[in-house]
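Undergrad: Have a peek at input_21.cif (mmCIF, C-alpha atoms).
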```cif
data_entry
#
loop_
_atom_site.label_atom_id
_atom_site.label_comp_id
_atom_site.auth_asym_id
_atom_site.auth_seq_id
_atom_site.Cartn_x
_atom_site.Cartn_y
_atom_site.Cartn_z
CA MET L 1 18.19 15.19 -40.31
CA GLN L 2 19.68 13.88 -37.07
CA ASN L 3 17.91 11.98 -34.41
CA GLY L 4 18.45 10.62 -30.95
CA CYS L 5 16.30 8.51 -28.71
CA SER L 6 16.10 7.50 -25.07
CA GLY L 7 13.32 6.26 -22.88
CA ILE L 8 11.53 3.58 -20.95
CA ARG L 9 9.34 0.96 -22.59
CA GLN L 10 6.81 -1.26 -20.90
CA GLY L 11 3.59 -2.97 -21.83
CA SER L 12 1.81 -3.62 -25.08
CA GLU L 13 2.88 -2.19 -28.43
CA LYS L 14 -0.82 -1.92 -29.33
CA SER L 15 -1.53 0.90 -26.86
CA MET L 16 -2.62 4.38 -27.91
CA LYS L 17 0.01 7.08 -28.20
CA ILE L 18 0.20 10.82 -27.53
CA LEU L 19 3.00 12.91 -29.02
CA PHE L 20 3.82 15.83 -26.71
CA ILE L 21 6.18 18.56 -27.96
CA GLY L 22 8.11 21.05 -25.83
CA ASP L 23 7.97 24.86 -25.89
CA VAL L 24 8.01 26.19 -29.47
CA VAL L 25 10.29 29.23 -29.79
CA GLY L 26 9.63 31.74 -32.56
CA LYS L 27 9.22 31.37 -36.30
CA GLY L 28 12.00 28.79 -36.60
CA GLY L 29 10.29 26.60 -34.02
CA ARG L 30 6.94 26.89 -35.77
CA GLU L 31 8.51 25.90 -39.08
CA ALA L 32 10.20 22.88 -37.48
CA VAL L 33 6.83 21.74 -36.09
CA ARG L 34 5.22 22.06 -39.53
CA ARG L 35 8.04 20.11 -41.19
CA LEU L 36 8.71 17.38 -38.65
CA VAL L 37 5.42 16.59 -36.92
CA PRO L 38 3.59 14.93 -39.84
CA ASP L 39 6.40 12.39 -40.19
CA LEU L 40 6.71 11.97 -36.40
CA ARG L 41 2.98 11.31 -36.15
CA ARG L 42 3.38 8.46 -38.63
CA GLU L 43 6.68 7.20 -37.21
CA PHE L 44 5.30 6.80 -33.69
CA ASN L 45 1.71 6.09 -34.77
CA ALA L 46 0.58 8.93 -32.50
CA GLN L 47 -3.15 9.56 -32.54
CA LEU L 48 -3.02 12.89 -30.70
CA VAL L 49 -0.35 15.62 -30.98
CA ILE L 50 -0.04 18.29 -28.29
CA VAL L 51 2.43 21.19 -28.47
CA ASN L 52 3.26 23.92 -25.98
CA GLY L 53 3.05 27.14 -28.01
CA GLU L 54 3.47 29.88 -25.42
CA ASN L 55 6.75 31.15 -26.94
CA SER L 56 5.77 30.70 -30.58
CA ALA L 57 5.27 34.39 -31.44
CA ALA L 58 8.75 35.97 -31.63
CA GLY L 59 9.74 33.98 -28.54
CA SER L 60 7.12 35.46 -26.22
CA GLY L 61 3.43 34.57 -26.27
CA ILE L 62 1.24 33.42 -29.14
CA SER L 63 -1.02 35.07 -31.71
CA ALA L 64 -3.97 33.79 -33.70
CA SER L 65 -1.83 33.44 -36.83
CA CYS L 66 0.82 31.47 -34.90
CA ALA L 67 -1.85 29.22 -33.41
CA ARG L 68 -3.31 28.48 -36.84
CA GLU L 69 0.16 27.68 -38.16
CA LEU L 70 0.90 25.23 -35.33
CA LEU L 71 -2.52 23.62 -35.68
CA GLU L 72 -1.67 22.67 -39.24
CA ALA L 73 0.44 19.93 -37.66
CA ALA L 74 -0.78 19.62 -34.05
CA ASP L 75 -4.18 18.88 -32.51
CA VAL L 76 -3.94 20.82 -29.24
CA ILE L 77 -1.85 23.79 -28.06
CA THR L 78 -1.07 24.39 -24.40
CA LEU L 79 0.16 27.71 -23.00
CA GLY L 80 2.02 29.01 -19.94
CA ASP L 81 3.11 32.19 -18.21
CA HIS L 82 3.50 34.10 -21.50
CA ALA L 83 -0.07 33.36 -22.61
CA TRP L 84 -1.04 37.05 -22.85
CA ASP L 85 2.28 38.57 -24.01
CA GLN L 86 1.00 39.24 -27.53
CA LYS L 87 -1.42 42.15 -27.63
CA GLY L 88 -4.90 41.10 -28.66
CA PHE L 89 -4.62 37.37 -28.02
CA ASP L 90 -6.87 37.70 -24.99
CA ALA L 91 -9.66 38.42 -27.49
CA GLU L 92 -8.43 35.99 -30.15
CA ILE L 93 -8.22 32.90 -27.92
CA ALA L 94 -12.01 32.49 -28.06
CA GLN L 95 -11.59 31.36 -31.69
CA PHE L 96 -9.67 28.26 -30.62
CA LYS L 97 -11.35 25.47 -28.66
CA ASN L 98 -8.10 23.50 -28.81
CA VAL L 99 -5.83 26.19 -27.34
CA ILE L 100 -5.55 25.71 -23.57
CA ARG L 101 -4.19 28.39 -21.21
CA PRO L 102 -3.24 27.59 -17.57
CA ALA L 103 -6.32 26.48 -15.66
CA ASN L 104 -5.19 28.09 -12.40
CA TYR L 105 -5.51 31.63 -13.74
CA ALA L 106 -8.29 33.85 -12.39
CA ALA L 107 -11.74 32.69 -13.48
CA GLY L 108 -12.39 35.97 -15.28
CA GLN L 109 -9.49 35.53 -17.69
CA PRO L 110 -10.43 34.50 -21.25
CA GLY L 111 -9.96 31.03 -22.64
CA ARG L 112 -10.15 27.76 -20.82
CA GLY L 113 -7.69 25.70 -18.81
CA PHE L 114 -8.63 22.22 -19.98
CA GLY L 115 -10.48 20.43 -22.73
CA VAL L 116 -11.64 16.94 -23.65
CA PHE L 117 -10.59 15.80 -27.10
CA SER L 118 -11.53 12.76 -29.14
CA ASN L 119 -8.81 10.30 -30.00
CA PRO L 120 -9.46 9.29 -33.63
CA ALA L 121 -8.44 5.73 -32.77
CA GLY L 122 -10.85 5.52 -29.85
CA GLY L 123 -11.74 7.14 -26.55
CA GLU L 124 -11.29 10.67 -25.24
CA VAL L 125 -8.31 12.49 -23.75
CA ALA L 126 -8.56 15.37 -21.28
CA VAL L 127 -5.74 17.89 -21.60
CA ILE L 128 -5.12 20.15 -18.58
CA ALA L 129 -2.68 23.08 -18.48
CA LEU L 130 -1.37 24.21 -15.10
CA GLN L 131 1.20 26.84 -14.15
CA GLY L 132 3.58 26.52 -11.22
CA LYS L 133 4.06 29.15 -8.53
CA VAL L 134 7.69 28.69 -7.43
CA PHE L 135 9.95 31.28 -9.17
CA MET L 136 7.07 32.10 -11.54
CA ARG L 137 4.93 35.20 -12.10
CA ASP L 138 2.66 35.72 -9.11
CA CYS L 139 -0.61 35.46 -11.01
CA ALA L 140 -1.69 31.84 -10.60
CA TYR L 141 -3.77 30.07 -7.98
CA CYS L 142 -2.66 26.83 -6.34
CA PRO L 143 -2.11 24.31 -9.16
CA PHE L 144 -2.70 21.35 -6.84
CA GLU L 145 -6.15 22.53 -5.75
CA THR L 146 -6.97 23.41 -9.37
CA ALA L 147 -6.02 19.91 -10.54
CA ASP L 148 -8.30 18.37 -7.91
CA ARG L 149 -11.20 20.59 -8.94
CA ILE L 150 -10.86 19.77 -12.65
CA LEU L 151 -10.52 16.03 -12.13
CA LYS L 152 -13.77 16.05 -10.16
CA THR L 153 -15.59 17.70 -13.06
CA LEU L 154 -14.47 15.28 -15.78
CA PRO L 155 -17.10 12.82 -16.98
CA PRO L 156 -16.52 9.24 -15.77
CA THR L 157 -16.16 8.18 -19.41
CA VAL L 158 -12.92 10.19 -19.69
CA LYS L 159 -10.21 7.81 -18.49
CA SER L 160 -7.15 9.38 -20.12
CA VAL L 161 -5.79 12.68 -18.76
CA LEU L 162 -2.60 14.52 -19.72
CA VAL L 163 -1.34 17.41 -17.59
CA ASP L 164 1.11 19.99 -18.96
CA PHE L 165 2.69 21.48 -15.82
CA HIS L 166 4.39 24.70 -16.87
CA ALA L 167 6.78 25.38 -14.01
CA GLU L 168 10.33 26.45 -13.18
CA ALA L 169 11.27 24.40 -10.11
CA THR L 170 11.91 20.69 -10.56
CA SER L 171 10.83 20.18 -6.95
CA GLU L 172 7.37 21.58 -7.73
CA LYS L 173 7.16 19.47 -10.88
CA LEU L 174 8.10 16.31 -8.98
CA ALA L 175 5.58 17.20 -6.29
CA MET L 176 2.82 17.50 -8.89
CA GLN L 177 3.83 14.19 -10.45
CA HIS L 178 3.53 12.39 -7.11
CA TYR L 179 0.37 14.28 -6.18
CA LEU L 180 -1.40 13.11 -9.35
CA ASP L 181 0.19 9.66 -9.44
CA GLY L 182 -2.41 7.05 -10.32
CA ARG L 183 -5.05 9.69 -11.07
CA VAL L 184 -3.89 10.82 -14.51
CA THR L 185 -2.24 9.27 -17.53
CA ALA L 186 0.73 11.64 -17.67
CA VAL L 187 2.27 14.69 -16.02
CA VAL L 188 4.76 16.30 -18.39
CA GLY L 189 6.66 19.49 -17.67
CA THR L 190 7.39 22.53 -19.82
CA HIS L 191 8.94 26.01 -19.36
CA THR L 192 12.69 25.45 -18.79
CA HIS L 193 13.40 24.53 -22.45
CA VAL L 194 15.89 21.83 -21.38
CA GLN L 195 14.80 18.21 -21.72
CA THR L 196 15.31 16.22 -18.52
CA ALA L 197 16.44 12.60 -18.25
CA ASP L 198 13.85 11.40 -15.72
CA ALA L 199 11.16 9.92 -18.01
CA ARG L 200 9.44 7.07 -16.22
CA VAL L 201 6.13 5.31 -15.64
CA SER L 202 5.00 4.77 -12.06
CA ALA L 203 3.65 1.50 -10.72
CA SER L 204 0.22 3.18 -10.73
CA GLY L 205 0.39 3.84 -14.49
CA THR L 206 1.24 7.54 -14.62
CA ALA L 207 3.92 8.69 -17.08
CA MET L 208 6.19 11.41 -15.69
CA LEU L 209 8.73 13.83 -17.17
CA SER L 210 10.04 16.99 -15.48
CA ASP L 211 10.65 18.92 -18.71
CA THR L 212 10.04 18.06 -22.34
CA GLY L 213 12.51 20.62 -23.76
CA MET L 214 11.91 23.04 -26.61
CA VAL L 215 11.61 23.49 -30.34
CA GLY L 216 14.27 26.08 -31.00
CA ALA L 217 17.71 26.80 -32.38
CA GLU L 218 20.30 24.24 -31.36
CA MET L 219 23.02 26.93 -31.31
CA SER L 220 21.28 29.19 -28.81
CA ILE L 221 20.57 29.62 -25.13
CA LEU L 222 16.97 28.56 -24.67
CA GLY L 223 16.26 29.73 -28.22
CA ARG L 224 17.89 33.15 -27.79
CA ALA L 225 21.07 34.51 -29.37
CA ILE L 226 24.13 33.36 -27.42
CA PRO L 227 26.16 36.65 -27.50
CA ASP L 228 23.23 38.68 -26.15
CA VAL L 229 22.45 36.22 -23.36
CA LEU L 230 26.11 36.15 -22.36
CA LYS L 231 26.16 39.96 -22.33
CA LYS L 232 23.17 39.98 -19.99
CA PHE L 233 24.74 37.49 -17.60
CA THR L 234 28.20 39.05 -17.58
CA GLY L 235 27.20 42.72 -17.72
CA GLY L 236 24.21 42.72 -15.43
CA MET L 237 22.33 45.27 -17.53
CA PRO L 238 19.03 44.88 -19.40
CA VAL L 239 19.68 43.45 -22.87
CA ARG L 240 17.34 42.65 -25.72
CA LEU L 241 17.44 38.89 -26.32
CA PRO L 242 16.60 38.16 -29.98
CA VAL L 243 15.28 34.75 -30.98
CA VAL L 244 17.49 32.65 -33.26
CA GLU L 245 15.10 31.87 -36.12
CA THR L 246 17.39 30.10 -38.62
CA GLY L 247 19.98 27.34 -38.72
CA ILE L 248 19.62 23.94 -37.09
CA ILE L 249 16.34 23.83 -35.15
CA ARG L 250 15.95 21.04 -32.61
CA LEU L 251 12.56 19.58 -31.71
CA ASP L 252 12.33 17.94 -28.28
CA ALA L 253 9.35 15.72 -27.54
CA ALA L 254 7.97 12.73 -25.69
CA VAL L 255 5.69 9.91 -26.77
CA ILE L 256 3.33 8.50 -24.13
CA SER L 257 1.80 5.06 -24.68
CA TYR L 258 -1.41 4.39 -22.78
CA ASP L 259 -4.47 2.15 -22.57
CA ALA L 260 -7.54 4.04 -23.78
CA VAL L 261 -9.84 1.82 -21.69
CA THR L 262 -8.10 2.32 -18.33
CA GLY L 263 -6.18 5.55 -18.99
CA LYS L 264 -3.04 3.93 -17.58
CA ALA L 265 0.29 4.74 -19.21
CA SER L 266 2.57 1.87 -20.20
CA ALA L 267 5.57 3.77 -21.57
CA ILE L 268 7.13 7.18 -22.07
CA GLU L 269 9.90 7.80 -24.57
CA THR L 270 11.83 11.05 -25.07
CA PHE L 271 13.60 12.03 -28.25
CA SER L 272 14.91 14.92 -30.34
CA ARG L 273 14.95 15.65 -34.06
CA THR L 274 16.59 18.44 -36.03
CA THR L 275 15.89 20.27 -39.26
CA GLU L 276 17.64 23.19 -40.92
CA VAL L 277 15.56 26.33 -41.39
#
```
Let me see the file written as structure tokens.

TA:
Amino acid sequence: MQNGCSGIRQGSEKSMKILFIGDVVGKGGREAVRRLVPDLRREFNAQLVIVNGENSAAGSGISASCARELLEAADVITLGDHAWDQKGFDAEIAQFKNVIRPANYAAGQPGRGFGVFSNPAGGEVAVIALQGKVFMRDCAYCPFETADRILKTLPPTVKSVLVDFHAEATSEKLAMQHYLDGRVTAVVGTHTHVQTADARVSASGTAMLSDTGMVGAEMSILGRAIPDVLKKFTGGMPVRLPVVETGIIRLDAAVISYDAVTGKASAIETFSRTTEV
């Protein structure tokens, strides 16, 4: 197993910690989560583990069986623009109180866009999923207005809030980070599958990261087979893009340290781990 580590550290080492894991791609990604997360939970003393699972079923969407598999290691699953790609999950999502689809979808869509979860070490954490609009499927309402609406509904006892902003454009992600600065514990990005190097904590105590990365094959292009992706780019014709399910699977993640009493973040640290599947 290889590992790398980079990040920003501030504040007390006694603060609570959330482990947030980037987009899980296919069966190989799910297996890497099952293998690596229990040890990572202990290594970082993380009390809550959140994983974005919207690509966990064959690289597109999620199913009930995939959700159950991820929840063997994680506490909460967030979704994104591929939430409904797997037939039948619109009915299955009702089984899972800890699977969160984007909150800025139409109100009539199944599932819920946020939840409040108990931290076993103390306090509660609200997890909100939002989907961006720039370069994304045109099916989501304004994520900024949605964030405002949800924050107003949270009980005053909930001080800690993590937002998974599933978006393509870094400009939109940065805008959301600044918009929610000082009002939430963390705004972490997903969707692009490439971990960014901008992890930081603002003076107001909000941890920020444009993209967490993915859990997928290291020798791939965003988890897909390299020859097929190259054929699509160079040939300009529709090409099936199979998921790379075996070999070295890389898990990208971030650990957010925060004060459960104030909800203020003190540190965010990004890292990657690998395992062979």

Undergrad: When you count only C-alpha atoms, which of these residues is closest to Thr192 (chain L): L:Ile248, L:Met208, L:Leu19, L:Ala167?

TA: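 When distances to Thr192 (chain L) are compared using only C-alpha atoms, the smallest one comes from L:Ala167.
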
Undergrad: Would you list the contacts of Val125 (chain L) as a compact mmCIF listing (two decimals) with C-alpha atoms, keeping the file's coordinate frame, taking every protein, DNA or RNA residue within 6 Å and counting all atoms listed in the file, but skipping same-chain residues closer than 3 positions in sequence?

TA:
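As a result, result.txt now contains:
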```txt
# COMPACT_ATOMS: atom_id res chain seq x y z
CA VAL L 116 -11.64 16.94 -23.65
CA PHE L 117 -10.59 15.80 -27.10
CA SER L 160 -7.15 9.38 -20.12
CA VAL L 161 -5.79 12.68 -18.76
```

Undergrad: Just how far from CA of Asp211 (chain L) is CA of Thr170 (chain L), in Å to one decimal?

TA: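 About the pair CA of Thr170 (chain L) and CA of Asp211 (chain L): they are 8.4 Å apart.
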
Undergrad: I'd like the neighbourhood of Ala254 (chain L) as a list in words, where a residue qualifies if any of its atoms comes within 8 Å (using all atoms listed in the file), though same-chain residues fewer than 2 positions away should be ignored.

TA: Leu19, Phe20, Ile21, Thr212, Asp252, Ile256, Ile268, Glu269, Thr270 and Phe271 of chain L

Undergrad: Which residues are near Ala91 (chain L)? Cut-off 10 Å, only C-alpha atoms, ignore same chain within fewer than 4 positions. Put them as a ChimeraX atom specification.

TA: /L:64,84,87,95,110-111

Undergrad: Write out as a Markdown table the residues of region 35-111 of chain L that have any atom within 10 Å of an atom of region 130-139 of chain L, one row each with the nearest atom pair and its distance in Å to one decimal, counting only C-alpha atoms, sorted by chain and then rising number.

TA:
```
| residue | atom | partner | partner_atom | distance |
| --- | --- | --- | --- | --- |
| L:Thr78 | CA | L:Leu130 | CA | 9.3 |
| L:Leu79 | CA | L:Leu130 | CA | 8.8 |
| L:Gly80 | CA | L:Gln131 | CA | 6.2 |
| L:Asp81 | CA | L:Gln131 | CA | 7.0 |
| L:His82 | CA | L:Arg137 | CA | 9.6 |
| L:Ile100 | CA | L:Leu130 | CA | 9.6 |
| L:Arg101 | CA | L:Leu130 | CA | 7.9 |
| L:Pro102 | CA | L:Leu130 | CA | 4.6 |
| L:Ala103 | CA | L:Leu130 | CA | 5.5 |
| L:Asn104 | CA | L:Leu130 | CA | 6.1 |
| L:Tyr105 | CA | L:Cys139 | CA | 6.8 |
| L:Ala106 | CA | L:Cys139 | CA | 8.0 |
```

Undergrad: What's the separation between CA of Ile50 (chain L) and CA of Ile18 (chain L), in Å to one decimal place?

TA: 7.5 Å

Undergrad: Rank nothing, just name the residue among L:His193, L:Arg41, L:Lys159, L:Arg68 nearest to Val24 (chain L), using all atoms listed in the file.

TA: L:His193

Undergrad: Taking all atoms listed in the file into account, name the residue in L:Pro227, L:Leu222, L:Gly115, L:Ala57 that is nearest to Leu154 (chain L).

TA: L:Gly115

Undergrad: So which one's closest to Val243 (chain L), L:Lys17, L:Ser56, L:Lys231, L:Pro155? Using all atoms listed in the file, please.

TA: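 Using all atoms listed in the file, Val243 (chain L) sits closest to L:Ser56.
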
Undergrad: Translate the PyMOL selection byres ((chain L and resi 119-121) around 9) into a concrete residue list for this structure, as a list in words.

TA: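 For this structure, the PyMOL selection byres ((chain L and resi 119-121) around 9) captures Met16, Gln47, Leu48, Phe117, Ser118, Gly122, Gly123, Glu124, Val125 and Ala260 of chain L.
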
Undergrad: Write a file of the just-selected residues containing C-alpha atoms, as an mmCIF file, keeping the file's coordinate frame.

TA:
```cif
data_model
loop_
_atom_site.group_PDB
_atom_site.id
_atom_site.type_symbol
_atom_site.label_atom_id
_atom_site.label_comp_id
_atom_site.auth_asym_id
_atom_site.auth_seq_id
_atom_site.Cartn_x
_atom_site.Cartn_y
_atom_site.Cartn_z
ATOM 1 C CA MET L 16 -2.620 4.380 -27.910
ATOM 2 C CA GLN L 47 -3.150 9.560 -32.540
ATOM 3 C CA LEU L 48 -3.020 12.890 -30.700
ATOM 4 C CA PHE L 117 -10.590 15.800 -27.100
ATOM 5 C CA SER L 118 -11.530 12.760 -29.140
ATOM 6 C CA GLY L 122 -10.850 5.520 -29.850
ATOM 7 C CA GLY L 123 -11.740 7.140 -26.550
ATOM 8 C CA GLU L 124 -11.290 10.670 -25.240
ATOM 9 C CA VAL L 125 -8.310 12.490 -23.750
ATOM 10 C CA ALA L 260 -7.540 4.040 -23.780
#
```

Undergrad: With a distance cut-off of 9 Å and only C-alpha atoms, select the neighbouring residues of Met219 (chain L), excluding the residue or stretch itself and same-chain residues fewer than 5 positions from it, and output the selection as a ChimeraX atom specification.

TA: /L:224-226,244,247-249

Undergrad: Return the single residue from L:Glu69, L:Ser171, L:Val37, L:Gly205 that is closest to Gly189 (chain L), with distances computed using only C-alpha atoms.

TA: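 Using only C-alpha atoms, the shortest distance to Gly189 (chain L) belongs to L:Ser171.
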